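Enquirer: Got my_file27.txt for you, compact mmCIF, C-alpha atoms:
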```txt
# COMPACT_ATOMS: atom_id res chain seq x y z
CA MET A 1 -6.56 -8.92 7.60
CA SER A 2 -3.55 -10.81 8.79
CA ASP A 3 -5.17 -13.40 11.03
CA VAL A 4 -4.69 -15.97 8.29
CA ARG A 5 -0.94 -15.61 8.65
CA ALA A 6 -0.49 -15.52 12.40
CA PRO A 7 -2.59 -16.69 15.36
CA VAL A 8 -5.04 -14.19 16.74
CA LEU A 9 -3.84 -12.53 19.93
CA LEU A 10 -6.79 -10.27 20.55
CA ARG A 11 -10.33 -10.53 19.30
CA ALA A 12 -13.29 -8.32 20.04
CA GLU A 13 -16.85 -8.80 18.89
CA GLY A 14 -19.79 -6.45 19.03
CA LEU A 15 -18.25 -4.07 21.57
CA VAL A 16 -20.60 -1.33 22.75
CA LYS A 17 -19.89 1.27 25.40
CA THR A 18 -22.08 4.21 26.34
CA HIS A 19 -20.94 6.85 28.81
CA HIS A 20 -23.61 7.99 31.22
CA GLY A 21 -22.35 11.34 32.41
CA GLU A 22 -24.21 14.53 32.93
CA GLY A 23 -26.63 15.24 30.11
CA ALA A 24 -27.53 12.78 27.38
CA PRO A 25 -25.84 9.38 27.24
CA ALA A 26 -22.85 9.44 24.84
CA CYS A 27 -22.19 6.42 22.66
CA ALA A 28 -18.41 6.09 22.62
CA VAL A 29 -18.14 2.67 21.00
CA ARG A 30 -21.00 1.33 18.95
CA GLY A 31 -20.53 -2.17 17.65
CA VAL A 32 -16.85 -2.84 17.08
CA ASP A 33 -15.39 -6.09 15.78
CA LEU A 34 -11.64 -6.28 15.77
CA SER A 35 -8.96 -8.89 15.47
CA VAL A 36 -5.25 -8.42 16.08
CA ALA A 37 -2.75 -11.08 15.08
CA ARG A 38 0.30 -11.95 17.12
CA GLY A 39 3.15 -9.69 16.09
CA GLU A 40 0.89 -7.18 14.43
CA PHE A 41 1.18 -3.41 14.92
CA VAL A 42 -2.24 -1.78 14.57
CA ALA A 43 -2.93 1.94 14.82
CA VAL A 44 -6.39 3.32 15.52
CA THR A 45 -6.79 6.89 14.31
CA GLY A 46 -9.66 9.33 14.25
CA PRO A 47 -10.72 12.72 15.53
CA SER A 48 -10.80 13.42 19.23
CA GLY A 49 -14.06 12.32 20.75
CA ALA A 50 -14.45 9.49 18.24
CA GLY A 51 -14.22 6.95 21.06
CA LYS A 52 -10.84 5.51 20.24
CA SER A 53 -9.46 5.85 23.76
CA THR A 54 -12.58 4.21 25.15
CA LEU A 55 -12.00 1.34 22.74
CA LEU A 56 -8.46 0.95 24.02
CA HIS A 57 -9.67 1.03 27.62
CA LEU A 58 -12.13 -1.76 26.82
CA LEU A 59 -9.35 -3.83 25.25
CA GLY A 60 -7.22 -3.43 28.37
CA GLY A 61 -10.05 -4.09 30.80
CA LEU A 62 -9.83 -0.57 32.25
CA GLN A 63 -13.51 -0.18 31.37
CA ARG A 64 -16.03 -2.92 30.78
CA PRO A 65 -18.20 -3.04 27.66
CA ASP A 66 -22.00 -2.75 27.89
CA GLU A 67 -22.21 -5.37 25.19
CA GLY A 68 -19.83 -7.61 23.33
CA SER A 69 -16.89 -9.81 24.23
CA ILE A 70 -13.11 -9.79 24.18
CA TRP A 71 -10.85 -12.81 23.78
CA LEU A 72 -7.20 -12.66 24.77
CA ASP A 73 -5.11 -15.38 23.24
CA GLY A 74 -8.29 -17.40 22.73
CA ARG A 75 -9.59 -16.96 26.29
CA CYS A 76 -12.92 -15.22 26.68
CA THR A 77 -12.70 -12.42 29.24
CA ASP A 78 -16.46 -12.09 29.84
CA SER A 79 -16.24 -13.58 33.30
CA TYR A 80 -13.02 -11.80 34.32
CA SER A 81 -13.18 -10.05 37.69
CA GLU A 82 -11.39 -6.74 38.31
CA ALA A 83 -8.62 -8.71 40.02
CA ARG A 84 -8.25 -11.03 37.04
CA TRP A 85 -7.99 -8.04 34.69
CA ALA A 86 -5.41 -6.44 36.96
CA GLU A 87 -3.40 -9.63 36.76
CA GLU A 88 -3.75 -9.59 32.97
CA ARG A 89 -2.42 -6.03 32.88
CA ARG A 90 0.61 -7.07 34.91
CA SER A 91 1.78 -9.84 32.65
CA GLY A 92 -0.37 -10.14 29.54
CA ILE A 93 -0.96 -6.53 28.55
CA GLY A 94 1.33 -3.52 28.95
CA ILE A 95 -0.21 -0.06 28.71
CA VAL A 96 1.25 3.37 28.11
CA PHE A 97 -0.80 6.54 28.45
CA GLN A 98 -0.61 10.08 27.16
CA PHE A 99 0.33 11.49 30.56
CA PHE A 100 2.71 8.66 31.49
CA ASN A 101 0.92 7.87 34.81
CA LEU A 102 4.15 7.13 36.62
CA VAL A 103 4.09 6.89 40.41
CA SER A 104 5.43 10.33 41.27
CA ASN A 105 6.96 9.47 44.64
CA LEU A 106 8.85 6.42 43.40
CA SER A 107 12.19 6.58 41.62
CA VAL A 108 12.52 5.64 37.97
CA ALA A 109 14.03 2.29 38.96
CA ASP A 110 11.20 1.51 41.39
CA ASN A 111 8.53 2.51 38.87
CA VAL A 112 9.92 -0.04 36.44
CA GLU A 113 10.64 -2.79 38.97
CA LEU A 114 7.31 -2.60 40.78
CA PRO A 115 5.21 -4.47 38.20
CA ALA A 116 7.91 -7.13 37.94
CA LEU A 117 7.85 -7.65 41.70
CA LEU A 118 4.04 -7.69 41.72
CA ALA A 119 4.15 -10.38 39.06
CA GLY A 120 6.26 -12.53 41.36
CA ARG A 121 9.76 -11.92 40.02
CA SER A 122 12.59 -12.00 42.52
CA PRO A 123 14.16 -8.62 43.37
CA LYS A 124 17.26 -9.73 41.50
CA GLN A 125 15.31 -10.62 38.35
CA ALA A 126 13.34 -7.38 38.56
CA ARG A 127 16.55 -5.39 38.80
CA ALA A 128 18.12 -7.20 35.87
CA GLU A 129 15.05 -6.59 33.70
CA ARG A 130 14.94 -2.96 34.73
CA GLU A 131 18.63 -2.43 33.99
CA ALA A 132 18.34 -4.02 30.56
CA LEU A 133 15.28 -1.99 29.60
CA LEU A 134 16.55 1.35 30.85
CA ALA A 135 19.81 0.82 28.99
CA GLU A 136 17.91 -0.09 25.86
CA LEU A 137 15.79 3.04 26.18
CA GLY A 138 18.77 5.30 26.73
CA LEU A 139 17.95 6.05 30.36
CA GLN A 140 21.14 4.91 32.07
CA GLY A 141 22.03 7.17 34.94
CA LYS A 142 18.37 8.15 35.51
CA GLU A 143 17.57 5.21 37.82
CA ARG A 144 17.51 7.33 40.94
CA SER A 145 15.71 10.29 39.42
CA MET A 146 12.12 11.00 40.35
CA PRO A 147 9.63 11.17 37.45
CA GLY A 148 9.09 14.91 37.97
CA GLU A 149 12.77 15.58 37.30
CA LEU A 150 12.58 14.08 33.81
CA SER A 151 11.47 15.57 30.51
CA GLY A 152 8.19 14.37 29.01
CA GLY A 153 10.03 12.23 26.48
CA GLU A 154 12.08 10.59 29.22
CA GLN A 155 9.01 9.95 31.35
CA GLN A 156 7.31 8.26 28.43
CA ARG A 157 10.34 6.04 27.96
CA VAL A 158 10.18 5.06 31.64
CA ALA A 159 6.47 4.32 31.16
CA LEU A 160 7.36 2.16 28.17
CA ALA A 161 9.94 0.26 30.25
CA ARG A 162 7.35 -0.26 32.97
CA ALA A 163 4.81 -1.52 30.44
CA LEU A 164 7.25 -3.99 28.92
CA VAL A 165 9.11 -5.23 32.01
CA ASN A 166 7.06 -8.42 32.23
CA HIS A 167 7.28 -9.09 28.48
CA PRO A 168 3.53 -8.85 27.86
CA PRO A 169 2.41 -10.29 24.51
CA LEU A 170 0.33 -7.16 23.89
CA LEU A 171 1.23 -3.49 24.26
CA LEU A 172 -1.59 -0.93 24.29
CA ALA A 173 -0.59 2.70 23.75
CA ASP A 174 -3.07 5.54 24.23
CA GLU A 175 -1.81 8.73 22.52
CA PRO A 176 1.73 8.00 23.75
CA ALA A 177 3.08 11.10 22.02
CA GLY A 178 0.07 13.28 22.76
CA SER A 179 1.91 15.44 25.26
CA LEU A 180 5.33 15.33 23.60
CA ASP A 181 7.02 17.71 21.17
CA SER A 182 7.99 16.67 17.70
CA LYS A 183 11.34 15.28 18.80
CA GLY A 184 9.70 13.23 21.55
CA THR A 185 7.14 11.98 19.03
CA ARG A 186 9.89 10.75 16.72
CA GLU A 187 11.56 9.01 19.65
CA VAL A 188 8.36 7.19 20.65
CA MET A 189 7.82 6.23 17.03
CA ARG A 190 11.33 4.85 16.72
CA LEU A 191 10.99 2.81 19.91
CA LEU A 192 7.59 1.38 19.06
CA SER A 193 8.93 0.37 15.64
CA ARG A 194 11.95 -1.23 17.23
CA PHE A 195 9.94 -3.33 19.70
CA HIS A 196 7.54 -4.24 16.91
CA ARG A 197 10.40 -5.51 14.73
CA ARG A 198 11.29 -7.87 17.56
CA GLY A 199 7.79 -9.29 17.52
CA GLN A 200 5.92 -7.11 20.00
CA SER A 201 2.19 -6.88 19.20
CA ILE A 202 0.99 -3.31 19.55
CA VAL A 203 -2.35 -1.52 19.44
CA LEU A 204 -1.77 2.22 19.26
CA VAL A 205 -4.43 4.89 19.53
CA THR A 206 -3.37 8.22 18.06
CA HIS A 207 -4.62 11.20 16.12
CA ASP A 208 -1.10 11.71 14.80
CA ALA A 209 -0.79 10.19 11.33
CA ARG A 210 3.00 10.27 11.53
CA LEU A 211 2.87 7.95 14.50
CA ALA A 212 0.15 5.84 12.91
CA SER A 213 2.23 5.35 9.80
CA ALA A 214 4.70 3.28 11.80
CA ALA A 215 2.00 0.58 12.05
CA ASP A 216 1.29 -2.26 9.63
CA ARG A 217 -2.38 -1.58 9.67
CA VAL A 218 -4.39 1.56 10.28
CA ILE A 219 -7.97 1.51 11.48
CA SER A 220 -9.96 4.71 11.02
CA PHE A 221 -12.39 5.29 13.82
CA PHE A 222 -15.32 7.67 13.55
CA ASP A 223 -18.15 8.22 15.89
CA GLY A 224 -17.65 4.92 17.71
CA ARG A 225 -17.30 2.80 14.59
CA ILE A 226 -14.57 1.43 12.39
CA VAL A 227 -14.97 3.11 9.01
CA ASP A 228 -11.85 1.79 7.36
CA ASP A 229 -9.28 -0.88 8.08
CA ALA A 230 -6.24 -0.60 5.82
CA GLU A 231 -3.05 -2.61 5.63
CA LEU A 232 -0.18 -0.29 4.82
CA ASP A 233 1.84 -1.99 2.17
CA GLY A 234 5.42 -2.69 3.05
CA THR A 235 6.81 -1.42 -0.21
CA THR A 236 10.20 0.16 0.03
CA PRO A 237 10.37 3.90 -0.35
CA SER A 238 10.51 4.85 -3.97
CA ARG A 239 10.86 8.13 -5.70
CA GLY A 240 7.43 7.57 -7.13
CA PRO A 241 5.01 10.40 -7.64
CA GLY A 242 3.57 9.85 -4.15
CA ILE A 243 6.56 11.14 -2.31
CA SER A 244 8.14 13.40 -4.85
CA GLY A 245 4.77 15.05 -5.34
CA VAL A 246 4.76 16.08 -1.71
CA LEU A 247 8.38 17.13 -1.83
CA GLU A 248 8.50 18.69 -5.23
CA LEU A 249 10.24 22.02 -5.52
CA LYS A 250 8.77 23.87 -8.44
CA ASP A 251 10.96 25.40 -11.08
CA MET B 1 15.83 24.10 -10.71
CA ARG B 2 17.06 27.50 -11.98
CA LEU B 3 17.25 29.39 -8.73
CA PRO B 4 18.64 26.61 -6.54
CA LEU B 5 21.47 26.27 -9.07
CA LEU B 6 22.09 30.00 -9.09
CA ALA B 7 22.05 30.01 -5.28
CA LEU B 8 24.65 27.25 -5.17
CA LEU B 9 26.83 29.29 -7.51
CA ALA B 10 26.63 32.28 -5.17
CA ARG B 11 29.28 30.51 -3.06
CA GLY B 12 31.73 30.38 -5.94
CA PRO B 13 32.29 28.82 -9.35
CA ALA B 14 31.47 25.15 -9.91
CA HIS B 15 30.84 22.73 -12.74
CA GLY B 16 27.61 20.88 -13.48
CA TYR B 17 28.39 17.60 -11.83
CA GLU B 18 29.59 19.30 -8.65
CA LEU B 19 26.29 21.16 -8.46
CA LYS B 20 24.35 17.92 -8.79
CA GLN B 21 26.34 16.36 -5.97
CA ASP B 22 26.03 19.40 -3.72
CA LEU B 23 22.29 19.47 -4.21
CA GLU B 24 21.95 15.76 -3.44
CA GLN B 25 24.06 16.02 -0.35
CA LEU B 26 22.20 19.03 0.93
CA LEU B 27 18.68 17.73 0.38
CA GLY B 28 19.23 14.07 1.21
CA SER B 29 17.59 10.99 -0.20
CA ALA B 30 13.98 12.12 0.14
CA TYR B 31 14.21 14.77 -2.50
CA PRO B 32 13.82 13.57 -6.10
CA GLN B 33 17.38 13.44 -7.34
CA PRO B 34 18.18 16.00 -10.00
CA ASN B 35 18.93 14.48 -13.33
CA VAL B 36 22.37 15.52 -14.51
CA GLY B 37 21.11 16.15 -18.05
CA GLN B 38 18.45 18.48 -16.71
CA ILE B 39 21.13 20.36 -14.79
CA TYR B 40 23.28 20.86 -17.89
CA VAL B 41 20.28 22.02 -19.90
CA THR B 42 19.34 24.50 -17.17
CA LEU B 43 22.93 25.77 -16.93
CA GLY B 44 22.91 26.34 -20.71
CA ARG B 45 19.74 28.40 -20.44
CA LEU B 46 21.06 30.40 -17.51
CA GLU B 47 24.21 31.15 -19.48
CA ARG B 48 22.24 32.33 -22.53
CA SER B 49 20.19 34.65 -20.35
CA GLY B 50 23.34 36.14 -18.89
CA LEU B 51 22.81 35.01 -15.31
CA ILE B 52 25.95 32.87 -15.30
CA GLU B 53 29.13 32.67 -17.35
CA GLY B 54 30.81 29.46 -18.40
CA GLU B 55 34.51 28.89 -18.85
CA GLU B 56 36.05 25.83 -20.49
CA VAL B 57 38.72 24.26 -18.31
CA GLU B 58 41.20 21.90 -19.91
CA GLN B 59 41.74 18.57 -18.20
CA ALA B 60 44.71 16.33 -18.89
CA GLY B 61 43.62 13.30 -20.92
CA ARG B 62 39.91 14.05 -20.50
CA PRO B 63 37.37 16.20 -22.26
CA ASN B 64 37.21 19.82 -21.17
CA LYS B 65 34.83 20.65 -18.39
CA LYS B 66 32.90 23.83 -18.07
CA THR B 67 32.99 25.83 -14.87
CA TYR B 68 30.24 28.34 -14.24
CA ARG B 69 30.26 31.48 -12.20
CA LEU B 70 27.47 33.83 -11.22
CA THR B 71 27.25 37.19 -13.02
CA ASP B 72 26.10 40.37 -11.27
CA THR B 73 22.66 39.97 -12.87
CA GLY B 74 22.61 36.39 -11.59
CA ARG B 75 23.45 37.51 -8.07
CA GLU B 76 20.65 40.05 -8.28
CA ALA B 77 18.22 37.29 -9.36
CA VAL B 78 19.18 35.22 -6.31
CA ARG B 79 18.69 38.24 -4.06
CA ASP B 80 15.21 38.78 -5.55
CA TRP B 81 14.42 35.10 -5.02
CA PHE B 82 15.21 35.34 -1.32
CA GLN B 83 13.37 38.62 -1.09
CA LYS B 84 9.96 37.31 -2.19
CA PRO B 85 7.80 35.05 -0.02
CA GLU B 86 6.43 32.01 -1.85
CA ASP B 87 2.79 31.30 -2.67
CA GLU B 88 1.07 29.03 -0.18
CA PRO B 89 0.65 25.38 -1.22
CA ARG B 90 -2.62 24.70 -2.96
CA VAL B 91 -5.33 22.45 -1.58
CA ARG B 92 -5.43 19.22 -3.56
CA ASP B 93 -8.09 20.35 -5.92
CA GLU B 94 -8.35 17.20 -7.99
CA PHE B 95 -9.47 15.15 -5.01
CA PHE B 96 -11.74 17.98 -3.91
CA MET B 97 -13.38 18.00 -7.35
CA LYS B 98 -14.00 14.26 -7.11
CA LEU B 99 -15.53 14.67 -3.68
CA ALA B 100 -17.70 17.56 -4.75
CA LEU B 101 -18.95 15.91 -7.92
CA ALA B 102 -19.35 12.30 -6.75
CA PRO B 103 -22.96 12.53 -5.49
CA GLN B 104 -24.22 14.07 -8.73
CA THR B 105 -22.65 11.45 -10.94
CA GLY B 106 -23.86 8.41 -9.04
CA LEU B 107 -20.57 6.82 -10.09
CA ALA B 108 -18.67 7.05 -6.81
CA ASP B 109 -19.35 7.14 -3.09
CA GLN B 110 -17.91 10.03 -1.10
CA VAL B 111 -16.93 7.99 1.95
CA ALA B 112 -15.24 5.42 -0.28
CA LEU B 113 -13.34 8.26 -1.97
CA ILE B 114 -12.18 9.58 1.38
CA ASN B 115 -11.08 6.14 2.54
CA LYS B 116 -9.15 5.53 -0.66
CA GLN B 117 -7.45 8.89 -0.41
CA ARG B 118 -6.60 8.31 3.25
CA ARG B 119 -4.93 5.00 2.46
CA GLN B 120 -2.87 6.72 -0.19
CA TYR B 121 -1.71 9.42 2.24
CA LEU B 122 -0.98 6.92 4.99
CA ASN B 123 1.16 4.83 2.68
CA THR B 124 3.05 7.91 1.60
CA MET B 125 3.45 8.86 5.24
CA ARG B 126 4.85 5.42 5.95
CA ASN B 127 7.33 5.76 3.11
CA LEU B 128 8.40 9.15 4.41
CA SER B 129 8.96 7.62 7.86
CA LYS B 130 11.17 5.01 6.28
CA LEU B 131 13.10 7.64 4.38
CA ALA B 132 13.54 9.60 7.60
CA ALA B 133 14.83 6.50 9.36
CA ALA B 134 17.31 5.83 6.55
CA GLU B 135 18.51 9.42 6.26
CA ASP B 136 21.77 10.50 7.83
CA ARG B 137 20.85 11.75 11.32
CA ASP B 138 23.10 14.76 11.04
CA ASN B 139 21.60 16.04 7.81
CA ARG B 140 19.19 18.47 9.40
CA ILE B 141 18.05 20.07 6.16
CA ALA B 142 17.07 16.68 4.75
CA HIS B 143 15.15 15.83 7.93
CA LEU B 144 13.35 19.15 7.88
CA LEU B 145 12.31 18.51 4.30
CA ILE B 146 10.83 15.13 5.22
CA GLU B 147 9.18 16.54 8.30
CA GLY B 148 7.64 19.32 6.22
CA ALA B 149 6.20 16.77 3.82
CA MET B 150 4.81 14.79 6.77
CA LEU B 151 3.17 17.83 8.31
CA HIS B 152 1.54 18.67 4.98
CA LEU B 153 0.20 15.14 4.79
CA GLN B 154 -0.98 15.34 8.37
CA ALA B 155 -2.95 18.45 7.45
CA ASP B 156 -4.43 16.68 4.42
CA LEU B 157 -5.42 13.78 6.65
CA ASP B 158 -7.00 16.12 9.20
CA TRP B 159 -8.96 17.71 6.42
CA LEU B 160 -10.18 14.28 5.22
CA GLU B 161 -11.35 13.71 8.78
CA ARG B 162 -13.32 16.94 8.65
CA CYS B 163 -14.90 15.92 5.35
CA GLN B 164 -15.87 12.59 6.85
CA GLU B 165 -17.36 14.21 9.94
CA GLU B 166 -19.51 16.54 7.83
CA LEU B 167 -20.74 13.70 5.66
CA GLU B 168 -21.60 11.54 8.67
CA GLU B 169 -23.66 14.37 10.09
CA LEU B 170 -25.63 14.64 6.86
CA GLU B 171 -26.57 10.95 7.00
```
Write out the structure in this file as structure tokens.

Expert:
Amino acid sequence: MSDVRAPVLLRAEGLVKTHHGEGAPACAVRGVDLSVARGEFVAVTGPSGAGKSTLLHLLGGLQRPDEGSIWLDGRCTDSYSEARWAEERRSGIGIVFQFFNLVSNLSVADNVELPALLAGRSPKQARAEREALLAELGLQGKERSMPGELSGGEQQRVALARALVNHPPLLLADEPAGSLDSKGTREVMRLLSRFHRRGQSIVLVTHDARLASAADRVISFFDGRIVDDAELDGTTPSRGPGISGVLELKD
Amino acid sequence: MRLPLLALLARGPAHGYELKQDLEQLLGSAYPQPNVGQIYVTLGRLERSGLIEGEEVEQAGRPNKKTYRLTDTGREAVRDWFQKPEDEPRVRDEFFMKLALAPQTGLADQVALINKQRRQYLNTMRNLSKLAAAEDRDNRIAHLLIEGAMLHLQADLDWLERCQEELEELE
């Protein structure tokens, strides 16, 4: 793991979460230890129903664990109130979801500026941040649009701008390409990689291996547990048997 | 290599090095680059079997080069090639054999095998992503090739997931 190289940004120990719905209790997360270094891009993959989204929700304080603890930047969050978590999600943690979760009756510009204003930025600062991010994400000219007028890919880019407007150290992404087509998926992948190269720490939950392969490290999640935790090596693409084997045209 | 070369010659005559360059340009950097020697050898064979005809062209101050053109039989072979659907890709049977035989040997653990195989696929996937990022955006054929490879890998990864689920249930 890379926590010897860079300080730990996020640490979880012994996380357990059981859903008590109708019928028998379902164990979504059963004893997870996890550490994410600053600047690291970690993907969590696994079949649907493996509990990976629940894990992400625990890490972002959207759900509270039955057991276990989470440290953010060295601070234990055990005693955090809902309000304290909400504050954390404004400035410390940005989150993007599969279905974007934009505020449908606010314009694109307002969706992005709102968290900045809530975090105490001046309207002028909020506007400047919003302008810079929308330009970066190729959304100039869409400021006045309403979310419903945009394509899925565009809405996810607005959601990404909203998540990053306060420069949170950690970005959590829950199936960010889950409702996008293949072109939208590539776009999300390109943007996540770009922010990561600039030092953004990212935890991405996805069942899409293409998206996961953009990460430095891939955690395989099964039945509420981590079954493998693999660093992807940063070797440059070669024409080794790995790739050419997949691509080979037979004589 | 035979039929792609014949297909390229269906446009008009060309010499060996041109064909190599055309193929590279068309398929992009992800595809294993054809070795020029291999191309000349293949062209020789195609000529002997009457599918193409070579003609020596004199070049001022340089050795002659040989330009090839498609014969009628060659054109027919290309038509047949396009006519027939291809066999479906085969499941990776070597890994499957390992997985199937591991418990009986006592020499390997199935879950460890799956994890190792998954890492291999993920690394390949990562390399394909890098190739895609480096590839000329406008070369659609090259991007489709890479995307095809990625989708195959995705299917292999999904299947590993299924294997893992089954094994967990047995525990």

Enquirer: What are the residues of chain B lining chain A at 10 Å or less? Count only C-alpha atoms, and put the answer as a VMD selection string.

Expert: chain B and resid 1 to 4 29 to 33 111 to 112 114 to 116 118 to 134 145 to 155 157 to 158 161 to 162 164 to 165 168

Enquirer: Residues of the last selection are to be written out with C-alpha atoms, as a PDB file, keeping the file's coordinate frame.

Expert:
```
ATOM      1  CA  MET B   1      15.830  24.100 -10.710  1.00  0.00           C
ATOM      2  CA  ARG B   2      17.060  27.500 -11.980  1.00  0.00           C
ATOM      3  CA  LEU B   3      17.250  29.390  -8.730  1.00  0.00           C
ATOM      4  CA  PRO B   4      18.640  26.610  -6.540  1.00  0.00           C
ATOM      5  CA  SER B  29      17.590  10.990  -0.200  1.00  0.00           C
ATOM      6  CA  ALA B  30      13.980  12.120   0.140  1.00  0.00           C
ATOM      7  CA  TYR B  31      14.210  14.770  -2.500  1.00  0.00           C
ATOM      8  CA  PRO B  32      13.820  13.570  -6.100  1.00  0.00           C
ATOM      9  CA  GLN B  33      17.380  13.440  -7.340  1.00  0.00           C
ATOM     10  CA  VAL B 111     -16.930   7.990   1.950  1.00  0.00           C
ATOM     11  CA  ALA B 112     -15.240   5.420  -0.280  1.00  0.00           C
ATOM     12  CA  ILE B 114     -12.180   9.580   1.380  1.00  0.00           C
ATOM     13  CA  ASN B 115     -11.080   6.140   2.540  1.00  0.00           C
ATOM     14  CA  LYS B 116      -9.150   5.530  -0.660  1.00  0.00           C
ATOM     15  CA  ARG B 118      -6.600   8.310   3.250  1.00  0.00           C
ATOM     16  CA  ARG B 119      -4.930   5.000   2.460  1.00  0.00           C
ATOM     17  CA  GLN B 120      -2.870   6.720  -0.190  1.00  0.00           C
ATOM     18  CA  TYR B 121      -1.710   9.420   2.240  1.00  0.00           C
ATOM     19  CA  LEU B 122      -0.980   6.920   4.990  1.00  0.00           C
ATOM     20  CA  ASN B 123       1.160   4.830   2.680  1.00  0.00           C
ATOM     21  CA  THR B 124       3.050   7.910   1.600  1.00  0.00           C
ATOM     22  CA  MET B 125       3.450   8.860   5.240  1.00  0.00           C
ATOM     23  CA  ARG B 126       4.850   5.420   5.950  1.00  0.00           C
ATOM     24  CA  ASN B 127       7.330   5.760   3.110  1.00  0.00           C
ATOM     25  CA  LEU B 128       8.400   9.150   4.410  1.00  0.00           C
ATOM     26  CA  SER B 129       8.960   7.620   7.860  1.00  0.00           C
ATOM     27  CA  LYS B 130      11.170   5.010   6.280  1.00  0.00           C
ATOM     28  CA  LEU B 131      13.100   7.640   4.380  1.00  0.00           C
ATOM     29  CA  ALA B 132      13.540   9.600   7.600  1.00  0.00           C
ATOM     30  CA  ALA B 133      14.830   6.500   9.360  1.00  0.00           C
ATOM     31  CA  ALA B 134      17.310   5.830   6.550  1.00  0.00           C
ATOM     32  CA  LEU B 145      12.310  18.510   4.300  1.00  0.00           C
ATOM     33  CA  ILE B 146      10.830  15.130   5.220  1.00  0.00           C
ATOM     34  CA  GLU B 147       9.180  16.540   8.300  1.00  0.00           C
ATOM     35  CA  GLY B 148       7.640  19.320   6.220  1.00  0.00           C
ATOM     36  CA  ALA B 149       6.200  16.770   3.820  1.00  0.00           C
ATOM     37  CA  MET B 150       4.810  14.790   6.770  1.00  0.00           C
ATOM     38  CA  LEU B 151       3.170  17.830   8.310  1.00  0.00           C
ATOM     39  CA  HIS B 152       1.540  18.670   4.980  1.00  0.00           C
ATOM     40  CA  LEU B 153       0.200  15.140   4.790  1.00  0.00           C
ATOM     41  CA  GLN B 154      -0.980  15.340   8.370  1.00  0.00           C
ATOM     42  CA  ALA B 155      -2.950  18.450   7.450  1.00  0.00           C
ATOM     43  CA  LEU B 157      -5.420  13.780   6.650  1.00  0.00           C
ATOM     44  CA  ASP B 158      -7.000  16.120   9.200  1.00  0.00           C
ATOM     45  CA  GLU B 161     -11.350  13.710   8.780  1.00  0.00           C
ATOM     46  CA  ARG B 162     -13.320  16.940   8.650  1.00  0.00           C
ATOM     47  CA  GLN B 164     -15.870  12.590   6.850  1.00  0.00           C
ATOM     48  CA  GLU B 165     -17.360  14.210   9.940  1.00  0.00           C
ATOM     49  CA  GLU B 168     -21.600  11.540   8.670  1.00  0.00           C
TER      50      GLU B 168
END
```

Enquirer: Hey, can you check how far atom CA of A:Gly21 sits from atom CA of A:Ser81?

Expert: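 Computing it gives 23.9 Å between the two atoms.
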
Enquirer: Which residues are close to B:Arg69, i.e. within 9 Å by only C-alpha atoms, leaving aside same-chain residues fewer than 3 positions away? Reply as an mmCIF file with C-alpha atoms, in the coordinates of the input.

Expert:
```cif
data_model
loop_
_atom_site.group_PDB
_atom_site.id
_atom_site.type_symbol
_atom_site.label_atom_id
_atom_site.label_comp_id
_atom_site.auth_asym_id
_atom_site.auth_seq_id
_atom_site.Cartn_x
_atom_site.Cartn_y
_atom_site.Cartn_z
ATOM 1 C CA LEU B 6 22.090 30.000 -9.090
ATOM 2 C CA LEU B 9 26.830 29.290 -7.510
ATOM 3 C CA ALA B 10 26.630 32.280 -5.170
ATOM 4 C CA GLY B 12 31.730 30.380 -5.940
ATOM 5 C CA PRO B 13 32.290 28.820 -9.350
ATOM 6 C CA ALA B 14 31.470 25.150 -9.910
ATOM 7 C CA HIS B 15 30.840 22.730 -12.740
ATOM 8 C CA LEU B 51 22.810 35.010 -15.310
ATOM 9 C CA ILE B 52 25.950 32.870 -15.300
ATOM 10 C CA GLU B 53 29.130 32.670 -17.350
ATOM 11 C CA GLY B 54 30.810 29.460 -18.400
ATOM 12 C CA GLU B 55 34.510 28.890 -18.850
#
```

Enquirer: A:Leu56, A:Leu106, A:Met146, A:Ala37: which is nearest A:Gly94, counting all atoms listed in the file?

Expert: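 Among the listed residues, A:Leu56 lies closest to A:Gly94.
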
Enquirer: In Å, with one decimal, what is the gap from atom CA of A:Leu15 to atom CA of A:Ser69?

Expert: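 Answer for the atom CA of A:Leu15 to atom CA of A:Ser69 separation: 6.5 Å.
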
Enquirer: Work out how far apart atom CA of A:Gly153 and atom CA of A:Glu187 are and give it in Å to one decimal.

Expert: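 Interatomic distance, atom CA of A:Gly153 to atom CA of A:Glu187: 7.7 Å.
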
Enquirer: Per residue of stretch 39-91 of chain A within 9 Å of stretch 113-130 of chain A, record the nearest atom pair and its distance in Å to one decimal, counting all atoms listed in the file, with rows in chain order and ascending residue number, as CSV.

Expert:
```
residue,atom,partner,partner_atom,distance
A:Glu87,CA,A:Ala119,CA,7.9
A:Arg90,CA,A:Pro115,CA,6.2
A:Ser91,CA,A:Ala119,CA,6.9
```

Enquirer: Using only C-alpha atoms - which residues lie no farther than 12 Å from the point (18.2, 4.6, 29.7) in the file's frame? Write them as a list in words.

Expert: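 The answer, in the requested form, is Val108, Ala109, Val112, Arg130, Glu131, Ala132, Leu133, Leu134, Ala135, Glu136, Leu137, Gly138, Leu139, Gln140, Gly141, Lys142, Glu143, Arg144, Ser145, Leu150, Gly153, Glu154, Gln155, Gln156, Arg157, Val158, Ala159, Leu160 and Ala161 of chain A.
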
Enquirer: I need the residue nearest B:Glu18 from this list: B:Thr67, B:Val41, B:Ser49, B:Glu166. Use all atoms listed in the file for the distance.

Expert: B:Thr67

Enquirer: At most 8 Å from (-4.4, -14.3, 22.9), file frame, all atoms listed in the file: which residues, as a ChimeraX atom specification?

Expert: /A:8-11,38,71-75
